[in-house]
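Asks: Here you go, entry_22.csv (CSV, C-alpha atoms):
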```csv
chain,number,residue,atom,x,y,z
A,1,ASP,CA,16.5,13.1,0.1
A,2,ARG,CA,18.3,11.2,2.9
A,3,ALA,CA,16.2,8.1,2.7
A,4,SER,CA,16.7,7.7,-1.1
A,5,ARG,CA,20.5,8.1,-0.6
A,6,THR,CA,20.6,5.3,2.0
A,7,LEU,CA,18.4,2.8,0.0
A,8,ASP,CA,19.0,0.3,-2.7
A,9,GLU,CA,16.7,-2.1,-4.5
A,10,ARG,CA,17.7,-5.0,-2.2
A,11,ALA,CA,15.9,-3.1,0.7
A,12,VAL,CA,12.6,-2.9,-1.0
A,13,PRO,CA,11.3,-6.4,-0.1
A,14,LEU,CA,12.0,-5.9,3.7
A,15,MET,CA,10.4,-2.5,3.5
A,16,GLY,CA,7.4,-3.7,1.7
A,17,VAL,CA,6.7,-6.6,4.1
A,18,THR,CA,7.2,-4.3,7.1
A,19,ALA,CA,4.9,-1.7,5.7
A,20,ALA,CA,2.3,-4.4,4.8
A,21,PHE,CA,2.3,-5.9,8.3
A,22,ILE,CA,2.0,-2.5,9.9
A,23,PHE,CA,-0.8,-1.6,7.6
A,24,ALA,CA,-2.7,-4.8,8.4
A,25,ALA,CA,-2.0,-4.6,12.1
A,26,GLN,CA,-3.3,-1.0,12.3
A,27,MET,CA,-6.8,-2.4,11.5
A,28,VAL,CA,-6.8,-4.3,14.8
A,29,ASN,CA,-8.2,-2.2,17.6
A,30,PHE,CA,-8.1,-3.0,21.4
A,31,PRO,CA,-10.1,-1.3,24.2
A,32,VAL,CA,-8.5,1.2,26.5
A,33,ALA,CA,-9.8,3.3,29.4
A,34,GLY,CA,-12.8,5.6,29.0
A,35,GLY,CA,-14.7,3.5,26.5
A,36,THR,CA,-12.2,4.3,23.7
A,37,SER,CA,-10.0,2.1,21.6
A,38,GLY,CA,-6.4,2.2,20.4
A,39,HIS,CA,-4.4,0.5,17.7
A,40,MET,CA,-0.8,-0.4,16.8
A,41,VAL,CA,1.2,2.4,15.2
A,42,GLY,CA,4.3,0.5,14.2
A,43,GLY,CA,6.8,3.3,14.1
A,44,VAL,CA,9.3,1.7,16.5
A,45,LEU,CA,9.1,-1.6,14.6
A,46,ALA,CA,9.8,0.1,11.3
A,47,ALA,CA,12.7,2.1,12.8
A,48,ILE,CA,14.3,-0.9,14.4
A,49,LEU,CA,14.2,-3.0,11.2
A,50,LEU,CA,14.9,-0.3,8.7
A,51,GLY,CA,16.6,2.6,10.5
A,52,PRO,CA,15.0,5.9,11.6
A,53,TRP,CA,14.9,7.7,8.2
A,54,VAL,CA,13.6,4.8,6.2
A,55,GLY,CA,11.3,3.8,9.1
A,56,THR,CA,9.8,7.3,9.0
A,57,LEU,CA,9.3,7.0,5.2
A,58,VAL,CA,7.5,3.6,5.7
A,59,MET,CA,5.2,5.0,8.4
A,60,THR,CA,4.4,8.0,6.2
A,61,SER,CA,3.5,5.9,3.3
A,62,VAL,CA,2.4,2.8,5.2
A,63,ALA,CA,2.4,0.8,2.0
A,64,GLY,CA,5.6,-0.3,0.1
A,65,GLY,CA,4.3,1.0,-3.2
A,66,ILE,CA,5.4,4.6,-2.6
A,67,ILE,CA,8.9,3.3,-1.8
A,68,ALA,CA,9.1,1.2,-4.9
A,69,GLY,CA,8.0,4.2,-6.9
A,70,PHE,CA,10.9,6.3,-5.7
A,71,VAL,CA,13.6,3.6,-5.5
A,72,LEU,CA,12.9,1.6,-8.6
A,73,LYS,CA,13.2,3.4,-11.9
A,74,SER,CA,11.8,1.0,-14.5
A,75,THR,CA,8.1,0.1,-14.9
A,76,ARG,CA,9.0,-3.7,-15.0
A,77,ASN,CA,10.8,-3.5,-11.6
A,78,ARG,CA,8.0,-1.4,-10.1
A,79,LEU,CA,5.4,-3.9,-11.2
A,80,ALA,CA,7.5,-6.8,-9.9
A,81,ALA,CA,7.9,-5.0,-6.5
A,82,VAL,CA,4.2,-4.2,-6.2
A,83,THR,CA,3.4,-7.9,-7.0
A,84,GLY,CA,5.9,-9.2,-4.6
A,85,ILE,CA,4.9,-6.8,-1.8
A,86,ALA,CA,1.3,-7.8,-2.2
A,87,ILE,CA,1.8,-11.6,-2.2
A,88,VAL,CA,4.5,-11.8,0.5
A,89,GLY,CA,2.8,-9.1,2.6
A,90,GLY,CA,-0.5,-10.9,2.4
A,91,LEU,CA,0.9,-14.2,3.4
A,92,VAL,CA,3.1,-12.8,6.2
A,93,SER,CA,0.4,-10.5,7.6
A,94,ALA,CA,-2.3,-13.2,7.6
A,95,ALA,CA,0.1,-15.6,9.3
A,96,LEU,CA,1.0,-13.1,12.0
A,97,LEU,CA,-2.6,-12.0,12.6
A,98,GLN,CA,-4.0,-15.5,12.6
A,99,TYR,CA,-1.3,-17.7,14.2
A,100,ALA,CA,0.9,-15.4,16.1
A,101,LEU,CA,-1.7,-12.9,17.5
A,102,GLY,CA,-4.8,-15.1,17.2
A,103,ILE,CA,-6.9,-12.1,16.1
A,104,VAL,CA,-8.2,-13.4,12.7
A,105,ASP,CA,-10.3,-16.6,12.4
A,106,GLY,CA,-11.4,-18.5,9.3
A,107,SER,CA,-9.4,-19.7,6.4
A,108,TYR,CA,-5.8,-18.6,6.3
A,109,LEU,CA,-5.6,-18.6,2.5
A,110,GLU,CA,-8.8,-16.5,2.2
A,111,ALA,CA,-7.4,-14.0,4.8
A,112,ALA,CA,-4.1,-13.9,3.0
A,113,GLY,CA,-5.8,-13.3,-0.3
A,114,VAL,CA,-7.8,-10.4,1.0
A,115,LEU,CA,-4.8,-8.8,2.7
A,116,ALA,CA,-2.7,-9.3,-0.5
A,117,LEU,CA,-5.5,-7.6,-2.5
A,118,LEU,CA,-5.6,-4.7,0.0
A,119,ILE,CA,-1.8,-4.3,0.1
A,120,GLY,CA,-1.7,-4.6,-3.7
A,121,ALA,CA,-4.4,-1.9,-4.2
A,122,VAL,CA,-2.6,0.5,-1.9
A,123,SER,CA,0.9,-0.1,-3.0
A,124,ALA,CA,0.0,-0.1,-6.7
A,125,THR,CA,-1.9,3.2,-6.3
A,126,MET,CA,0.9,4.9,-4.5
A,127,ALA,CA,3.6,3.5,-6.9
A,128,GLY,CA,1.4,4.7,-9.8
A,129,LEU,CA,0.9,8.2,-8.3
A,130,VAL,CA,4.7,8.5,-7.7
A,131,ALA,CA,5.5,7.3,-11.2
A,132,LEU,CA,3.2,9.8,-12.7
A,133,PHE,CA,3.5,12.8,-10.4
A,134,GLY,CA,6.6,12.3,-8.3
A,135,ARG,CA,6.5,13.8,-4.8
A,136,ALA,CA,3.2,15.4,-5.5
A,137,GLY,CA,1.8,12.0,-6.2
A,138,ALA,CA,3.2,10.6,-2.9
A,139,ILE,CA,1.5,13.5,-1.0
A,140,ILE,CA,-1.8,12.7,-2.8
A,141,GLY,CA,-1.5,9.0,-1.9
A,142,VAL,CA,-0.6,9.6,1.7
A,143,LEU,CA,-3.5,12.1,2.2
A,144,THR,CA,-5.9,9.7,0.5
A,145,MET,CA,-4.9,6.5,2.2
A,146,ILE,CA,-3.8,7.7,5.6
A,147,PHE,CA,-5.5,10.9,6.5
A,148,VAL,CA,-8.8,10.2,4.8
A,149,GLY,CA,-9.0,6.4,4.3
A,150,ASN,CA,-7.8,5.3,7.7
A,151,PRO,CA,-10.2,7.5,9.8
A,152,LEU,CA,-13.1,6.5,7.6
A,153,SER,CA,-12.2,2.8,7.5
A,154,ALA,CA,-14.4,2.0,10.5
A,155,ALA,CA,-11.8,-0.4,11.9
A,156,ALA,CA,-13.1,0.1,15.4
A,157,SER,CA,-16.8,-0.1,14.6
A,158,ALA,CA,-19.3,-0.8,11.8
A,159,TRP,CA,-19.1,1.6,8.9
A,160,GLU,CA,-22.9,2.2,9.2
A,161,MET,CA,-22.2,3.8,12.6
A,162,LEU,CA,-20.1,6.6,11.0
A,163,PRO,CA,-21.8,9.9,10.1
A,164,GLN,CA,-23.0,9.8,6.6
A,165,PRO,CA,-21.9,10.2,3.9
A,166,TRP,CA,-18.5,9.6,5.4
A,167,GLY,CA,-19.1,6.0,6.2
A,168,THR,CA,-20.1,5.3,2.6
A,169,ILE,CA,-17.1,7.2,1.3
A,170,GLY,CA,-14.8,5.2,3.6
A,171,GLN,CA,-16.1,2.0,2.0
A,172,LEU,CA,-15.0,3.3,-1.4
A,173,LEU,CA,-11.4,3.6,-0.3
A,174,PRO,CA,-9.0,0.7,0.1
A,175,PRO,CA,-8.6,0.9,3.9
A,176,GLY,CA,-12.4,0.7,4.5
A,177,ALA,CA,-13.0,-1.9,1.8
A,178,GLY,CA,-10.1,-3.9,3.2
A,179,VAL,CA,-11.4,-3.8,6.7
A,180,SER,CA,-14.9,-5.0,5.6
A,181,ALA,CA,-13.5,-7.7,3.3
A,182,THR,CA,-11.2,-9.0,6.1
A,183,ARG,CA,-14.0,-9.1,8.6
A,184,SER,CA,-16.2,-10.9,6.1
A,185,VAL,CA,-13.8,-13.7,5.3
A,186,ALA,CA,-12.5,-14.0,8.9
A,187,PHE,CA,-15.7,-14.1,10.8
A,188,PHE,CA,-18.7,-14.4,8.4
A,189,ASP,CA,-17.8,-17.0,5.8
A,190,GLY,CA,-17.3,-14.3,3.1
A,191,ALA,CA,-20.8,-12.9,3.4
A,192,ALA,CA,-21.2,-9.4,1.8
A,193,SER,CA,-17.6,-9.5,0.6
A,194,ALA,CA,-18.4,-8.9,-3.1
A,195,GLN,CA,-18.6,-5.1,-2.8
A,196,PRO,CA,-15.4,-4.5,-0.8
A,197,LEU,CA,-13.5,-7.0,-3.0
A,198,THR,CA,-14.7,-5.2,-6.1
A,199,VAL,CA,-13.6,-1.8,-4.7
A,200,LEU,CA,-10.1,-3.2,-3.9
A,201,ALA,CA,-9.9,-4.7,-7.4
A,202,ILE,CA,-10.8,-1.4,-9.0
A,203,TRP,CA,-8.2,0.4,-7.0
A,204,LEU,CA,-5.6,-2.2,-7.9
A,205,LEU,CA,-6.3,-2.0,-11.6
A,206,ALA,CA,-6.4,1.8,-11.5
A,207,GLY,CA,-3.0,1.9,-9.6
A,208,LEU,CA,-1.5,-0.5,-12.2
A,209,ALA,CA,-2.7,1.7,-15.0
A,210,LEU,CA,-1.2,4.8,-13.4
A,211,LEU,CA,2.0,2.9,-12.9
A,212,VAL,CA,2.2,1.9,-16.6
A,213,VAL,CA,1.2,5.3,-17.9
A,214,GLY,CA,3.6,7.1,-15.5
A,215,GLY,CA,6.5,4.8,-16.5
A,216,PHE,CA,5.8,5.2,-20.2
A,217,ARG,CA,5.6,9.0,-19.8
A,218,HIS,CA,8.9,9.3,-18.0
A,219,GLU,CA,10.9,6.6,-19.8
A,220,GLN,CA,9.9,7.5,-23.4
A,221,PRO,CA,12.0,10.7,-23.7
A,222,GLY,CA,15.1,9.0,-22.5
A,223,ASP,CA,14.6,6.0,-24.7
A,224,GLN,CA,14.2,8.3,-27.7
A,225,ALA,CA,17.3,10.2,-26.8
A,226,SER,CA,19.3,7.0,-26.5
A,227,GLU,CA,18.0,5.8,-29.8
A,228,GLY,CA,18.9,9.1,-31.5
A,229,ALA,CA,22.4,8.9,-30.0
A,230,ARG,CA,22.9,5.4,-31.4
A,231,GLN,CA,21.9,6.6,-34.9
A,232,VAL,CA,24.4,9.5,-35.0
A,233,PRO,CA,27.5,8.3,-36.9
A,234,ALA,CA,30.8,8.6,-35.0
A,235,SER,CA,33.1,11.3,-36.4
A,236,VAL,CA,36.5,10.1,-37.7
```
What is this file in C-alpha cells?
Replies:
Amino acid sequence: DRASRTLDERAVPLMGVTAAFIFAAQMVNFPVAGGTSGHMVGGVLAAILLGPWVGTLVMTSVAGGIIAGFVLKSTRNRLAAVTGIAIVGGLVSAALLQYALGIVDGSYLEAAGVLALLIGAVSATMAGLVALFGRAGAIIGVLTMIFVGNPLSAAASAWEMLPQPWGTIGQLLPPGAGVSATRSVAFFDGAASAQPLTVLAIWLLAGLALLVVGGFRHEQPGDQASEGARQVPASV
C-alpha cells in the first residue's frame, strides 16, 4: 500500500513515539458543553509530523506495534522496535503529560513505567497479530484496542459506572487497564494497581509470544529454501 512504499525503518521510532503520545493523551478527558466530555484525537499532529498517509495509518493503529509489524521483517528488529517504542514512548508521554500539560501527578518514573507497560502491551499485541496474520491481524488488533478497548476504558469516569459486564470487560483490555493503573500511580499512591498491571503484563507477554511465533512461522520456509540453495552444488 501507499504507506508501506513511503516508509523505511528509520521512520519507525518517530512513528512509535507519536503514536504512543497520542494513545496516552487520548486518555485525558476535558469537560465540554452539555455535561459531556471530549478528548484529544491527534490526527492533525500525526499528519503534520509523519505526512497524511502515514498519519492516517498511525491514527488507525494508535500504537506503533502495527507499524513495526508491517515495516520490519525480522523478529529481532520487531522485538527491538516494540521495546524501543515502549520505553521511549513511556518516558516521553509521561514527561508531556506531567510537566508540559500538568495533568498527571505523582512520581514521574512510576507514571512512565505504567505508560511504557501500556504502550508495550498494545504495540507487542498488534505487532504479534500482524506477524502471525498479516492484514487480518491488524484489523483484529484495531477492532480490539480502538473500537472495543477505548470505549470500555472508562477514561471519562470510573469503570464501575459503566453498564455491566462491559465495565469489567474493559478492565481486561489494555486501554482500560492502562487508565486504571495510570490513575492509581498518579493520584492514589499505587493503590489497587496490582490487577491492572497484571492485565497489562499478560497482554505484553501474549503479544511477544505471538510476535515470536509469527516470525518463526513466516521466516522458517525462507530460511530452509536458502539453506537448500546453498547445499546444491554449482554446475560446471
Asks: Up to 7 Å from (-4.5, -12.0, 3.2) in the file's coordinates: name the residues, counting all atoms listed in the file, as a list in words.
Replies: Gly90, Leu91, Ser93, Ala94, Leu109, Glu110, Ala111, Ala112, Gly113, Val114, Leu115 and Ala116 of chain A
Asks: What lies within 7 Å of Ala124 (chain A) using all atoms listed in the file, ignoring chain neighbours under 3 positions off, as a list in words?
Replies: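 So the residues in contact are Gly65, Val82, Gly120, Ala121, Ala127, Gly128, Leu204, Gly207 and Leu208 of chain A.
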Asks: Taking (-16.0, -7.2, 1.3) in the file's own coordinates, collect the residues within 6 Å, counting all atoms listed in the file, and hand them back as a short mmCIF file (atom, residue, chain, number, x, y, z; two decimals) with C-alpha atoms, in the frame of the given file.
Replies:
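New file out09.cif:
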```cif
data_model
loop_
_atom_site.label_atom_id
_atom_site.label_comp_id
_atom_site.auth_asym_id
_atom_site.auth_seq_id
_atom_site.Cartn_x
_atom_site.Cartn_y
_atom_site.Cartn_z
CA SER A 180 -14.90 -5.00 5.60
CA ALA A 181 -13.50 -7.70 3.30
CA ALA A 192 -21.20 -9.40 1.80
CA SER A 193 -17.60 -9.50 0.60
CA ALA A 194 -18.40 -8.90 -3.10
CA GLN A 195 -18.60 -5.10 -2.80
CA PRO A 196 -15.40 -4.50 -0.80
CA LEU A 197 -13.50 -7.00 -3.00
#
```
Asks: Have a look at A:Gly102, A:Gly167, A:Gly134, A:Pro174 and name the one nearest to Ala206 (chain A); count only C-alpha atoms.
Replies: A:Pro174
Asks: Hey, can you check how far CA of Ala186 (chain A) sits from CA of Asp105 (chain A)?
Replies: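 These atoms are spaced 4.9 Å apart.
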Asks: If you measure from CA of Gly149 (chain A) to CA of Leu118 (chain A), what distance in Å do you get, rounded to one decimal?
Replies: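 Separating CA of Gly149 (chain A) from CA of Leu118 (chain A) is a distance of 12.4 Å.
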Asks: Mind giving me the straight-line distance from CA of Arg217 (chain A) to CA of Leu205 (chain A) in Å, one decimal?
Replies: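 The value is 18.2 Å.
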Asks: For Leu129 (chain A), work out the shell of residues within 12 Å, counting only C-alpha atoms and skipping chain neighbours fewer than 2 positions away, then give it as number ranges by chain.
Replies: A: 65-70, 122-127, 131-142, 144, 206-215
Asks: Could those residues be written to a file, using C-alpha atoms, as a JSON list (two decimals), keeping the file's coordinate frame?
Replies:
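Output below, filename selection22.json:
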```
[["chain", "number", "residue", "atom", "x", "y", "z"],
["A", 65, "GLY", "CA", 4.30, 1.00, -3.20],
["A", 66, "ILE", "CA", 5.40, 4.60, -2.60],
["A", 67, "ILE", "CA", 8.90, 3.30, -1.80],
["A", 68, "ALA", "CA", 9.10, 1.20, -4.90],
["A", 69, "GLY", "CA", 8.00, 4.20, -6.90],
["A", 70, "PHE", "CA", 10.90, 6.30, -5.70],
["A", 122, "VAL", "CA", -2.60, 0.50, -1.90],
["A", 123, "SER", "CA", 0.90, -0.10, -3.00],
["A", 124, "ALA", "CA", 0.00, -0.10, -6.70],
["A", 125, "THR", "CA", -1.90, 3.20, -6.30],
["A", 126, "MET", "CA", 0.90, 4.90, -4.50],
["A", 127, "ALA", "CA", 3.60, 3.50, -6.90],
["A", 131, "ALA", "CA", 5.50, 7.30, -11.20],
["A", 132, "LEU", "CA", 3.20, 9.80, -12.70],
["A", 133, "PHE", "CA", 3.50, 12.80, -10.40],
["A", 134, "GLY", "CA", 6.60, 12.30, -8.30],
["A", 135, "ARG", "CA", 6.50, 13.80, -4.80],
["A", 136, "ALA", "CA", 3.20, 15.40, -5.50],
["A", 137, "GLY", "CA", 1.80, 12.00, -6.20],
["A", 138, "ALA", "CA", 3.20, 10.60, -2.90],
["A", 139, "ILE", "CA", 1.50, 13.50, -1.00],
["A", 140, "ILE", "CA", -1.80, 12.70, -2.80],
["A", 141, "GLY", "CA", -1.50, 9.00, -1.90],
["A", 142, "VAL", "CA", -0.60, 9.60, 1.70],
["A", 144, "THR", "CA", -5.90, 9.70, 0.50],
["A", 206, "ALA", "CA", -6.40, 1.80, -11.50],
["A", 207, "GLY", "CA", -3.00, 1.90, -9.60],
["A", 208, "LEU", "CA", -1.50, -0.50, -12.20],
["A", 209, "ALA", "CA", -2.70, 1.70, -15.00],
["A", 210, "LEU", "CA", -1.20, 4.80, -13.40],
["A", 211, "LEU", "CA", 2.00, 2.90, -12.90],
["A", 212, "VAL", "CA", 2.20, 1.90, -16.60],
["A", 213, "VAL", "CA", 1.20, 5.30, -17.90],
["A", 214, "GLY", "CA", 3.60, 7.10, -15.50],
["A", 215, "GLY", "CA", 6.50, 4.80, -16.50]]
```
Asks: Select, from A:Tyr99, A:Val179, A:Val92, A:Gln171, the residue with the minimum atom-to-atom distance to Ala155 (chain A), counting only C-alpha atoms.
Replies: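 Distance minimum relative to Ala155 (chain A) lands on A:Val179.
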Asks: Using all atoms listed in the file, pick whichever of A:Val199, A:Ala86, A:Ala100, A:Ala177 has the shortest atom-to-atom distance to Ser153 (chain A).
Replies: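 Under the stated criterion, the closest residue is A:Ala177.
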Asks: Which residue out of A:Ile85, A:Leu152, A:Phe216, A:Thr182 has the minimum interatomic distance to Ile103 (chain A) when all atoms listed in the file are used?
Replies: A:Thr182
